[in-house]
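Student: Quick one: the structure is below, questions incoming.
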Amino acid sequence: MTTDHLRAFRFQEEVLARTSTRTMPLPWGTAYFNDDFPLRYDANMAIVDRPLGGATAEDVARALDDAYEGFRHREVEFASAIDADAIATGLAEHGYSVEGLAVMVLRRGSDRESDLAATEELTFDDYRPLSLEIHARQPWSSDPAVAQSMAEFRKVLADGVGARFFGQRVDGALAGSCELYVMGDTAQIEDVNTLEEFRGRGIARNVVLRAAREAREAGATFVFLFADIDDWPRHLYSRLGFDDVGQSRLFMRTPEASGRPENASP
């Protein structure tokens, strides 16, 4: 694991810690919980950031079942792709799907100019309806309570880590957005989304670069994001100046037929 990869991962753990109602130590990591938002999977997940020490997929699955008894999902992220890949087949046998995540750090300039003037910083009250609409359209959101939980959790992020929200309007209506978390000299850009009918207009590009500029102005020298290694936004982020510095693995077992309930969709 590279130094930059580890730095990003530690930041993610700090975000989880600051927005959790409780935590639980595991032999190879930590389980995080927000009992006020049990339907938000990414707020109730385990992080594996230490060597497994001979633990098997059966051991990991059992530990997660014990920790998250009463929750309808299981989610665990491995900092080490090597450790994760070693037990991936076994976790699949326990009903887990896997997603590869690239840690991408802003190191270069964008490939072209963008229209940052078209973007704006949003209050939580401004952002909430768009967030609710974005999540309500996801394939895993047949239950309206799930989308509502996703949208309302943004207030927890604002209170816990000072999350800021940036968006762009089309004909007066918010069409896309992203979030920014800054702590010290490190910043994460997260939850990049554009409503489907407004895609192809450069909105994701604009809001991400606006967030990156705001992060720099806030004192962040290290700006990063996570991207699905198999999805096209990864290539967009590369054009914006983000470089891959490492990979992690996210395993999930959910009652939904497809997708995980926290996806970036530029």
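FYI, nothing fancy with the structure tokens labels: chains A, B, ... in order, residues from 1 per chain, ligands from 1 as they appear.
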Could you go through stretch 74-266 of chain A and tell me which residues DSSP, when run on the backbone, assigns to helix (DSSP H, G or I), listing them as a count of residues only?

Tutor: 72

Student: Using only C-alpha atoms, determine which residues lie at most 9 Å from A:Gly90, disregarding the query and same-chain residues fewer than 6 positions distant; provide the list as a PyMOL selection string.

Tutor: chain A and resi 56-58+96

Student: Quick check, in Å to one decimal: how far apart do atom CA of A:Leu39 and atom CA of A:Gly160 lie?

Tutor: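 Interatomic distance here is 18.6 Å.
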
Student: So which one's closest to A:Gly184, A:Ile229, A:Phe33, A:Val105, A:Glu14? Using only C-alpha atoms, please.

Tutor: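 Under the stated criterion, the closest residue is A:Glu14.
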
Student: Compare A:Leu195, A:Pro38, A:Ala31, A:Thr19 by their minimum atom-to-atom distance to A:Val146, counting only C-alpha atoms, and give me the closest one.

Tutor: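 Going through A:Leu195, A:Pro38, A:Ala31, A:Thr19 one by one, the smallest distance to A:Val146 is for A:Pro38.
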
Student: Going by DSSP on the backbone, which bits of stretch 18-181 of chain A are strand (DSSP E)? Write them as a PyMOL selection string, please.

Tutor: chain A and resi 22-26+29-33+46-48+74-78+97-106+119-122+164-170+173-181

Student: With only C-alpha atoms as the counted atoms, please give the residues lying no more than 7 Å from A:Gln148, apart from itself and same-chain residues fewer than 4 positions off, as a list in words.

Tutor: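 Within the cut-off, the hits are Leu132, Pro144 and Glu152 of chain A.
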
Student: Counting only C-alpha atoms, figure out which residue out of A:Glu133, A:Glu99, A:Asp4, A:Asp65 gets nearest to A:Met252.

Tutor: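 Going through A:Glu133, A:Glu99, A:Asp4, A:Asp65 one by one, the smallest distance to A:Met252 is for A:Glu99.
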